[in-house]
>>> print(open('data-v1.pdb').read())   # PDB, C-alpha atoms, pLDDT in the B column
ATOM      1  CA  MET A   1      53.487  81.788 210.598  1.00 96.00           C
ATOM      2  CA  ILE A   2      50.068  80.217 210.761  1.00 97.00           C
ATOM      3  CA  TYR A   3      49.444  78.092 207.677  1.00 98.00           C
ATOM      4  CA  VAL A   4      45.905  77.317 206.485  1.00 98.00           C
ATOM      5  CA  GLU A   5      45.364  75.094 203.470  1.00 97.00           C
ATOM      6  CA  ALA A   6      42.067  74.484 201.691  1.00 95.00           C
ATOM      7  CA  PRO A   7      39.635  73.048 202.641  1.00 93.00           C
ATOM      8  CA  THR A   8      40.428  73.926 206.284  1.00 95.00           C
ATOM      9  CA  PRO A   9      38.378  76.974 207.283  1.00 96.00           C
ATOM     10  CA  TYR A  10      40.104  79.946 208.910  1.00 97.00           C
ATOM     11  CA  GLN A  11      38.558  82.346 211.372  1.00 96.00           C
ATOM     12  CA  PRO A  12      40.764  85.263 212.487  1.00 95.00           C
ATOM     13  CA  ALA A  13      41.685  85.278 216.161  1.00 95.00           C
ATOM     14  CA  PRO A  14      43.380  87.940 218.286  1.00 95.00           C
ATOM     15  CA  GLY A  15      47.147  87.799 217.899  1.00 93.00           C
ATOM     16  CA  ASP A  16      47.121  85.897 214.601  1.00 96.00           C
ATOM     17  CA  GLY A  17      48.740  88.705 212.624  1.00 95.00           C
ATOM     18  CA  PRO A  18      47.703  89.827 209.150  1.00 97.00           C
ATOM     19  CA  SER A  19      46.496  87.290 206.598  1.00 97.00           C
ATOM     20  CA  LEU A  20      47.832  86.741 203.095  1.00 98.00           C
ATOM     21  CA  PHE A  21      45.973  84.787 200.412  1.00 98.00           C
ATOM     22  CA  LEU A  22      48.135  83.071 197.774  1.00 98.00           C
ATOM     23  CA  ALA A  23      46.189  83.634 194.543  1.00 98.00           C
ATOM     24  CA  GLY A  24      47.520  82.153 191.343  1.00 97.00           C
ATOM     25  CA  GLY A  25      47.720  79.158 189.090  1.00 93.00           C
ATOM     26  CA  ILE A  26      47.116  75.686 190.462  1.00 92.00           C
ATOM     27  CA  THR A  27      45.972  73.476 187.588  1.00 87.00           C
ATOM     28  CA  ALA A  28      48.794  72.575 185.177  1.00 90.00           C
ATOM     29  CA  CYS A  29      51.137  74.944 187.065  1.00 93.00           C
ATOM     30  CA  PRO A  30      54.174  74.328 189.266  1.00 95.00           C
ATOM     31  CA  ASP A  31      53.618  74.350 193.026  1.00 96.00           C
ATOM     32  CA  TRP A  32      54.783  77.930 193.513  1.00 98.00           C
ATOM     33  CA  GLN A  33      52.704  78.130 196.707  1.00 98.00           C
ATOM     34  CA  SER A  34      55.256  75.882 198.466  1.00 98.00           C
ATOM     35  CA  ASP A  35      58.002  78.304 197.477  1.00 98.00           C
ATOM     36  CA  ALA A  36      55.972  81.254 198.786  1.00 98.00           C
ATOM     37  CA  ARG A  37      55.278  79.390 202.010  1.00 98.00           C
ATOM     38  CA  ALA A  38      59.009  78.774 202.473  1.00 98.00           C
ATOM     39  CA  LEU A  39      59.703  82.494 202.020  1.00 97.00           C
ATOM     40  CA  LEU A  40      57.077  83.332 204.635  1.00 97.00           C
ATOM     41  CA  THR A  41      58.066  80.757 207.274  1.00 96.00           C
ATOM     42  CA  ASP A  42      59.437  83.292 209.764  1.00 95.00           C
ATOM     43  CA  ALA A  43      56.846  86.012 209.170  1.00 96.00           C
ATOM     44  CA  PRO A  44      54.196  86.750 211.828  1.00 96.00           C
ATOM     45  CA  ILE A  45      51.453  86.126 209.305  1.00 97.00           C
ATOM     46  CA  VAL A  46      48.551  83.851 208.404  1.00 98.00           C
ATOM     47  CA  VAL A  47      49.074  82.222 205.002  1.00 98.00           C
ATOM     48  CA  LEU A  48      45.888  81.131 203.228  1.00 98.00           C
ATOM     49  CA  ASN A  49      46.712  78.592 200.523  1.00 98.00           C
ATOM     50  CA  PRO A  50      44.026  77.327 198.126  1.00 97.00           C
ATOM     51  CA  ARG A  51      46.300  74.595 196.698  1.00 95.00           C
ATOM     52  CA  ARG A  52      45.469  71.343 198.438  1.00 91.00           C
ATOM     53  CA  ARG A  53      48.083  68.682 198.908  1.00 86.00           C
ATOM     54  CA  HIS A  54      45.336  66.133 198.392  1.00 79.00           C
ATOM     55  CA  TYR A  55      42.348  66.844 196.189  1.00 74.00           C
ATOM     56  CA  ASN A  56      40.285  63.789 195.481  1.00 71.00           C
ATOM     57  CA  PRO A  57      36.725  63.938 194.104  1.00 68.00           C
ATOM     58  CA  ALA A  58      36.349  60.272 195.084  1.00 69.00           C
ATOM     59  CA  HIS A  59      36.602  61.341 198.735  1.00 70.00           C
ATOM     60  CA  GLY A  60      33.919  64.010 198.466  1.00 68.00           C
ATOM     61  CA  ASP A  61      36.076  66.928 197.351  1.00 71.00           C
ATOM     62  CA  THR A  62      34.116  68.978 194.845  1.00 83.00           C
ATOM     63  CA  PRO A  63      34.812  72.015 192.691  1.00 86.00           C
ATOM     64  CA  ASP A  64      31.909  73.756 194.476  1.00 89.00           C
ATOM     65  CA  GLN A  65      33.631  73.340 197.850  1.00 90.00           C
ATOM     66  CA  GLN A  66      36.954  74.539 196.466  1.00 91.00           C
ATOM     67  CA  VAL A  67      35.525  77.641 194.831  1.00 92.00           C
ATOM     68  CA  ALA A  68      33.498  78.485 197.957  1.00 94.00           C
ATOM     69  CA  TRP A  69      36.623  78.169 200.135  1.00 95.00           C
ATOM     70  CA  GLU A  70      38.641  80.352 197.773  1.00 95.00           C
ATOM     71  CA  TYR A  71      35.950  83.005 197.465  1.00 95.00           C
ATOM     72  CA  HIS A  72      35.450  83.255 201.223  1.00 97.00           C
ATOM     73  CA  HIS A  73      39.159  83.366 202.077  1.00 97.00           C
ATOM     74  CA  LEU A  74      40.039  85.767 199.239  1.00 95.00           C
ATOM     75  CA  HIS A  75      37.663  88.288 200.808  1.00 93.00           C
ATOM     76  CA  LEU A  76      38.770  87.501 204.347  1.00 95.00           C
ATOM     77  CA  ALA A  77      42.479  88.130 203.689  1.00 96.00           C
ATOM     78  CA  ASP A  78      44.171  91.386 204.599  1.00 95.00           C
ATOM     79  CA  LEU A  79      46.171  91.192 201.369  1.00 97.00           C
ATOM     80  CA  THR A  80      46.069  89.007 198.267  1.00 97.00           C
ATOM     81  CA  LEU A  81      49.306  88.056 196.568  1.00 98.00           C
ATOM     82  CA  PHE A  82      48.720  87.265 192.897  1.00 98.00           C
ATOM     83  CA  TRP A  83      51.396  85.202 191.179  1.00 98.00           C
ATOM     84  CA  PHE A  84      51.233  84.040 187.573  1.00 97.00           C
ATOM     85  CA  PRO A  85      53.812  81.236 187.306  1.00 97.00           C
ATOM     86  CA  ARG A  86      55.322  79.855 184.161  1.00 94.00           C
ATOM     87  CA  CYS A  87      52.931  77.477 182.471  1.00 91.00           C
ATOM     88  CA  ASP A  88      52.304  75.692 179.223  1.00 89.00           C
ATOM     89  CA  PRO A  89      49.961  78.016 177.258  1.00 88.00           C
ATOM     90  CA  ARG A  90      48.483  74.977 175.512  1.00 89.00           C
ATOM     91  CA  LEU A  91      47.182  73.803 178.884  1.00 89.00           C
ATOM     92  CA  THR A  92      46.314  77.028 180.724  1.00 87.00           C
ATOM     93  CA  VAL A  93      46.857  80.763 181.001  1.00 92.00           C
ATOM     94  CA  GLN A  94      45.187  80.724 184.435  1.00 92.00           C
ATOM     95  CA  PRO A  95      41.806  82.251 183.522  1.00 92.00           C
ATOM     96  CA  ILE A  96      40.373  81.997 187.034  1.00 92.00           C
ATOM     97  CA  THR A  97      43.337  83.903 188.470  1.00 95.00           C
ATOM     98  CA  LEU A  98      42.874  86.578 185.809  1.00 94.00           C
ATOM     99  CA  LEU A  99      39.203  86.858 186.798  1.00 93.00           C
ATOM    100  CA  GLU A 100      40.110  87.041 190.497  1.00 94.00           C
ATOM    101  CA  LEU A 101      42.706  89.728 189.780  1.00 94.00           C
ATOM    102  CA  GLY A 102      40.213  91.816 187.814  1.00 92.00           C
ATOM    103  CA  THR A 103      37.681  91.547 190.617  1.00 91.00           C
ATOM    104  CA  ALA A 104      40.265  92.350 193.294  1.00 92.00           C
ATOM    105  CA  ARG A 105      41.580  95.309 191.319  1.00 90.00           C
ATOM    106  CA  ALA A 106      38.070  96.766 191.085  1.00 87.00           C
ATOM    107  CA  GLU A 107      37.564  96.190 194.815  1.00 87.00           C
ATOM    108  CA  THR A 108      40.738  98.068 195.739  1.00 81.00           C
ATOM    109  CA  HIS A 109      38.868 101.305 195.023  1.00 71.00           C
ATOM    110  CA  LEU A 110      35.483 100.243 196.348  1.00 73.00           C
ATOM    111  CA  GLN A 111      36.461  98.380 199.500  1.00 79.00           C
ATOM    112  CA  GLY A 112      40.101  99.224 200.166  1.00 78.00           C
ATOM    113  CA  ARG A 113      41.245  95.741 199.240  1.00 84.00           C
ATOM    114  CA  ARG A 114      45.034  95.357 199.026  1.00 94.00           C
ATOM    115  CA  ILE A 115      46.859  93.320 196.414  1.00 96.00           C
ATOM    116  CA  THR A 116      50.311  92.700 195.046  1.00 97.00           C
ATOM    117  CA  VAL A 117      50.921  91.190 191.609  1.00 98.00           C
ATOM    118  CA  GLY A 118      53.753  89.326 189.973  1.00 98.00           C
ATOM    119  CA  ALA A 119      54.297  87.177 186.913  1.00 98.00           C
ATOM    120  CA  ASP A 120      57.119  84.903 185.934  1.00 97.00           C
ATOM    121  CA  PRO A 121      58.946  86.333 182.894  1.00 97.00           C
ATOM    122  CA  SER A 122      57.870  83.253 180.907  1.00 96.00           C
ATOM    123  CA  TYR A 123      54.165  83.547 181.798  1.00 96.00           C
ATOM    124  CA  PRO A 124      52.541  83.717 178.331  1.00 95.00           C
ATOM    125  CA  ARG A 125      50.229  86.679 179.094  1.00 94.00           C
ATOM    126  CA  ARG A 126      52.745  88.706 181.102  1.00 96.00           C
ATOM    127  CA  HIS A 127      52.799  91.582 178.626  1.00 96.00           C
ATOM    128  CA  ASP A 128      48.991  91.768 178.698  1.00 95.00           C
ATOM    129  CA  LEU A 129      49.056  91.912 182.497  1.00 95.00           C
ATOM    130  CA  GLN A 130      51.618  94.682 182.337  1.00 96.00           C
ATOM    131  CA  LEU A 131      49.510  96.703 179.900  1.00 95.00           C
ATOM    132  CA  GLN A 132      46.292  96.233 181.877  1.00 93.00           C
ATOM    133  CA  LEU A 133      47.925  97.195 185.163  1.00 93.00           C
ATOM    134  CA  ARG A 134      49.566 100.218 183.570  1.00 94.00           C
ATOM    135  CA  HIS A 135      46.092 101.570 182.790  1.00 93.00           C
ATOM    136  CA  ALA A 136      44.188 100.321 185.838  1.00 88.00           C
ATOM    137  CA  ALA A 137      46.881 100.883 188.463  1.00 89.00           C
ATOM    138  CA  PRO A 138      49.760 102.979 187.105  1.00 90.00           C
ATOM    139  CA  THR A 139      51.621 102.994 190.427  1.00 90.00           C
ATOM    140  CA  MET A 140      51.439  99.223 190.951  1.00 91.00           C
ATOM    141  CA  ASN A 141      54.520  97.158 190.158  1.00 92.00           C
ATOM    142  CA  LEU A 142      54.288  93.888 188.278  1.00 97.00           C
ATOM    143  CA  HIS A 143      56.982  91.856 189.997  1.00 98.00           C
ATOM    144  CA  HIS A 144      59.337  89.613 187.999  1.00 97.00           C
ATOM    145  CA  THR A 145      60.070  87.120 190.767  1.00 98.00           C
ATOM    146  CA  LEU A 146      58.060  85.419 193.472  1.00 98.00           C
ATOM    147  CA  HIS A 147      60.602  86.634 196.024  1.00 98.00           C
ATOM    148  CA  ALA A 148      60.040  90.269 194.997  1.00 98.00           C
ATOM    149  CA  ASN A 149      56.282  89.755 195.124  1.00 98.00           C
ATOM    150  CA  VAL A 150      56.460  88.236 198.628  1.00 98.00           C
ATOM    151  CA  THR A 151      58.765  91.053 199.748  1.00 97.00           C
ATOM    152  CA  ASP A 152      56.265  93.632 198.491  1.00 97.00           C
ATOM    153  CA  ALA A 153      53.417  91.811 200.252  1.00 97.00           C
ATOM    154  CA  LEU A 154      55.285  91.865 203.560  1.00 97.00           C
ATOM    155  CA  TYR A 155      56.203  95.522 203.060  1.00 96.00           C
ATOM    156  CA  THR A 156      52.564  96.359 202.331  1.00 94.00           C
ATOM    157  CA  LEU A 157      51.584  94.584 205.561  1.00 95.00           C
ATOM    158  CA  ASN A 158      54.329  96.509 207.440  1.00 92.00           C
ATOM    159  CA  LEU A 159      56.353  93.354 208.114  1.00 90.00           C
ATOM    160  CA  ALA A 160      60.018  92.525 207.529  1.00 75.00           C
ATOM    161  CA  ALA A 161      61.096  91.149 204.154  1.00 72.00           C
ATOM    162  CA  PRO A 162      62.078  87.477 203.831  1.00 73.00           C
ATOM    163  CA  GLY A 163      65.747  86.493 204.013  1.00 65.00           C
TER     164      GLY A 163
END
>>> encode(input="data-v1.pdb", output="structure tokens")
Amino acid sequence: MIYVEAPTPYQPAPGDGPSLFLAGGITACPDWQSDARALLTDAPIVVLNPRRRHYNPAHGDTPDQQVAWEYHHLHLADLTLFWFPRCDPRLTVQPITLLELGTARAETHLQGRRITVGADPSYPRRHDLQLQLRHAAPTMNLHHTLHANVTDALYTLNLAAPG
């Protein structure tokens, strides 16, 4: 696995393998990206992770830089894995991830973009996601676990499932 974390730029190189963007909650959400990374450790894949270990506006990190990195790498990835983790609905329901999912879903028809989607059973808008996907993508599964979502991503990329 090649691991790329924001703000490090990634440029595909021969032999890198397919790339997977980890799209989902960051602010006021558990670090599910670390769990996904652990599941993907042995896969011949490039993992693009927008969650920074260290984000500090005092050191020049800005929201503009973060959003630009995410936008570029979302469109660079061979597949985007969307995960909606459990969260406190008083703090967030992950509106940016919902926007990114809507955009990606529209682009699956226009540009052949590939996605996989999952939501923790306790994600507060899970039922809404299920209803929207049922209409927009009736054959797409909404996965109940991160492991199932990662497995589907690897299957979609024609790679072996995690152990």
>>> residues_around(input="data-v1.pdb", residues="segment 16-19 of chain A", least_positions_apart="6", cutoff="9 Å", atoms="all atoms listed in the file", output="PDB file with C-alpha atoms, in the frame of the given file")
ATOM      1  CA  MET A   1      53.487  81.788 210.598  1.00 96.00           C
ATOM      2  CA  ILE A   2      50.068  80.217 210.761  1.00 97.00           C
ATOM      3  CA  PRO A  44      54.196  86.750 211.828  1.00 96.00           C
ATOM      4  CA  ILE A  45      51.453  86.126 209.305  1.00 97.00           C
ATOM      5  CA  VAL A  46      48.551  83.851 208.404  1.00 98.00           C
ATOM      6  CA  VAL A  47      49.074  82.222 205.002  1.00 98.00           C
ATOM      7  CA  LEU A  48      45.888  81.131 203.228  1.00 98.00           C
ATOM      8  CA  LEU A  76      38.770  87.501 204.347  1.00 95.00           C
ATOM      9  CA  ALA A  77      42.479  88.130 203.689  1.00 96.00           C
ATOM     10  CA  ASP A  78      44.171  91.386 204.599  1.00 95.00           C
ATOM     11  CA  LEU A  79      46.171  91.192 201.369  1.00 97.00           C
ATOM     12  CA  THR A  80      46.069  89.007 198.267  1.00 97.00           C
ATOM     13  CA  LEU A 157      51.584  94.584 205.561  1.00 95.00           C
TER      14      LEU A 157
END
>>> atom_distance(input="data-v1.pdb", atom1="atom CA of Thr145 of chain A", atom2="atom CA of Glu70 of chain A")
23.5 Å
>>> closest_residue(input="data-v1.pdb", among="A:Ala161, A:Arg105, A:Asp120, A:Asp42", to="Met140 of chain A", atoms="all atoms listed in the file")
A:Arg105
>>> residues_near_point(input="data-v1.pdb", point="(51.9, 77.2, 200.1)", cutoff="9 Å", atoms="only C-alpha atoms", output="NGL selection string")
:A and (3-5 or 22 or 31-38 or 47-52)
>>> residues_around(input="data-v1.pdb", residues="Trp69 of chain A", least_positions_apart="2", cutoff="8 Å", atoms="only C-alpha atoms", output="PyMOL selection string")
chain A and resi 6-7+9+50+65-67+71-73
>>> write_last_selection(input="data-v1.pdb", atoms="C-alpha atoms", output="CSV table (one decimal), in the frame of the given file")
chain,number,residue,atom,x,y,z
A,6,ALA,CA,42.1,74.5,201.7
A,7,PRO,CA,39.6,73.0,202.6
A,9,PRO,CA,38.4,77.0,207.3
A,50,PRO,CA,44.0,77.3,198.1
A,65,GLN,CA,33.6,73.3,197.8
A,66,GLN,CA,37.0,74.5,196.5
A,67,VAL,CA,35.5,77.6,194.8
A,71,TYR,CA,36.0,83.0,197.5
A,72,HIS,CA,35.4,83.3,201.2
A,73,HIS,CA,39.2,83.4,202.1
>>> axis_aligned_box(input="data-v1.pdb", around="segment 105-111 of chain A", padding_each_side="6 Å", output="JSON")
{"center_x": 38.5, "center_y": 98.3, "center_z": 195.3, "size_x": 18.1, "size_y": 18.0, "size_z": 20.4}
>>> closest_residue(input="data-v1.pdb", among="A:Leu74, A:Ala68, A:Leu110, A:Leu91", to="Cys29 of chain A", atoms="all atoms listed in the file")
A:Leu91
>>> resolve_selection(input="data-v1.pdb", expression="the PyMOL selection byres ((chain A and resi 82) around 8)", output="VMD selection string")
chain A and resid 22 to 24 80 to 81 83 to 84 97 101 115 to 118
>>> closest_residue(input="data-v1.pdb", among="A:Arg86, A:Arg125, A:Arg134, A:Arg114", to="Leu146 of chain A", atoms="all atoms listed in the file")
A:Arg86
>>> closest_residue(input="data-v1.pdb", among="A:Ala106, A:Ala28, A:Ala43, A:Leu129", to="Leu159 of chain A", atoms="all atoms listed in the file")
A:Ala43
>>> closest_residue(input="data-v1.pdb", among="A:Pro124, A:Gly15, A:Pro162, A:Gly102", to="Ala137 of chain A", atoms="only C-alpha atoms")
A:Gly102
>>> closest_residue(input="data-v1.pdb", among="A:Thr108, A:Thr139, A:Thr27, A:Thr151", to="Pro95 of chain A", atoms="only C-alpha atoms")
A:Thr27
>>> atom_distance(input="data-v1.pdb", atom1="atom CA of Asp88 of chain A", atom2="atom CA of Thr62 of chain A")
24.9 Å
>>> atom_distance(input="data-v1.pdb", atom1="atom CA of Tyr123 of chain A", atom2="atom CA of Ile26 of chain A")
13.7 Å
>>> decode(input="data-v1.pdb", residues="segment 116-139 of chain A", atoms="N, CA and C atoms", output="short mmCIF file (atom, residue, chain, number, x, y, z; two decimals), in the first residue's frame")
data_model
loop_
_atom_site.label_atom_id
_atom_site.label_comp_id
_atom_site.auth_asym_id
_atom_site.auth_seq_id
_atom_site.Cartn_x
_atom_site.Cartn_y
_atom_site.Cartn_z
N THR A 116 -18.25 3.60 -3.61
CA THR A 116 -18.88 2.64 -2.72
C THR A 116 -19.30 3.44 -1.49
N VAL A 117 -20.42 3.05 -0.87
CA VAL A 117 -20.99 3.86 0.21
C VAL A 117 -21.36 2.98 1.39
N GLY A 118 -21.06 3.48 2.57
CA GLY A 118 -21.45 2.80 3.79
C GLY A 118 -21.75 3.81 4.88
N ALA A 119 -22.55 3.37 5.84
CA ALA A 119 -22.89 4.23 6.98
C ALA A 119 -23.03 3.36 8.21
N ASP A 120 -22.42 3.83 9.27
CA ASP A 120 -22.58 3.16 10.56
C ASP A 120 -24.07 3.10 10.90
N PRO A 121 -24.53 2.00 11.49
CA PRO A 121 -25.96 1.92 11.85
C PRO A 121 -26.44 3.07 12.74
N SER A 122 -25.53 3.70 13.49
CA SER A 122 -25.95 4.80 14.36
C SER A 122 -25.78 6.18 13.71
N TYR A 123 -25.35 6.23 12.45
CA TYR A 123 -25.26 7.52 11.77
C TYR A 123 -26.67 8.10 11.69
N PRO A 124 -26.87 9.34 12.16
CA PRO A 124 -28.23 9.88 12.30
C PRO A 124 -29.03 10.02 11.00
N ARG A 125 -28.38 10.13 9.85
CA ARG A 125 -29.11 10.28 8.59
C ARG A 125 -29.02 9.03 7.71
N ARG A 126 -28.74 7.90 8.34
CA ARG A 126 -28.57 6.65 7.60
C ARG A 126 -29.81 6.31 6.76
N HIS A 127 -30.98 6.44 7.37
CA HIS A 127 -32.21 6.10 6.65
C HIS A 127 -32.38 7.01 5.43
N ASP A 128 -32.06 8.28 5.57
CA ASP A 128 -32.14 9.20 4.43
C ASP A 128 -31.18 8.79 3.32
N LEU A 129 -29.96 8.40 3.70
CA LEU A 129 -29.02 7.91 2.69
C LEU A 129 -29.58 6.70 1.96
N GLN A 130 -30.14 5.79 2.73
CA GLN A 130 -30.71 4.58 2.15
C GLN A 130 -31.82 4.92 1.15
N LEU A 131 -32.69 5.83 1.53
CA LEU A 131 -33.79 6.21 0.64
C LEU A 131 -33.27 6.90 -0.62
N GLN A 132 -32.32 7.81 -0.47
CA GLN A 132 -31.78 8.52 -1.63
C GLN A 132 -31.08 7.56 -2.58
N LEU A 133 -30.27 6.66 -2.03
CA LEU A 133 -29.57 5.71 -2.89
C LEU A 133 -30.53 4.74 -3.56
N ARG A 134 -31.60 4.38 -2.88
CA ARG A 134 -32.58 3.48 -3.48
C ARG A 134 -33.15 4.08 -4.76
N HIS A 135 -33.33 5.40 -4.78
CA HIS A 135 -33.87 6.05 -5.98
C HIS A 135 -32.78 6.36 -7.00
N ALA A 136 -31.63 6.85 -6.53
CA ALA A 136 -30.57 7.27 -7.44
C ALA A 136 -29.75 6.11 -7.98
N ALA A 137 -29.59 5.07 -7.17
CA ALA A 137 -28.73 3.95 -7.55
C ALA A 137 -29.29 2.66 -6.96
N PRO A 138 -30.40 2.16 -7.51
CA PRO A 138 -31.08 1.01 -6.91
C PRO A 138 -30.23 -0.25 -6.74
N THR A 139 -29.17 -0.39 -7.52
CA THR A 139 -28.34 -1.59 -7.38
C THR A 139 -27.17 -1.40 -6.42
#
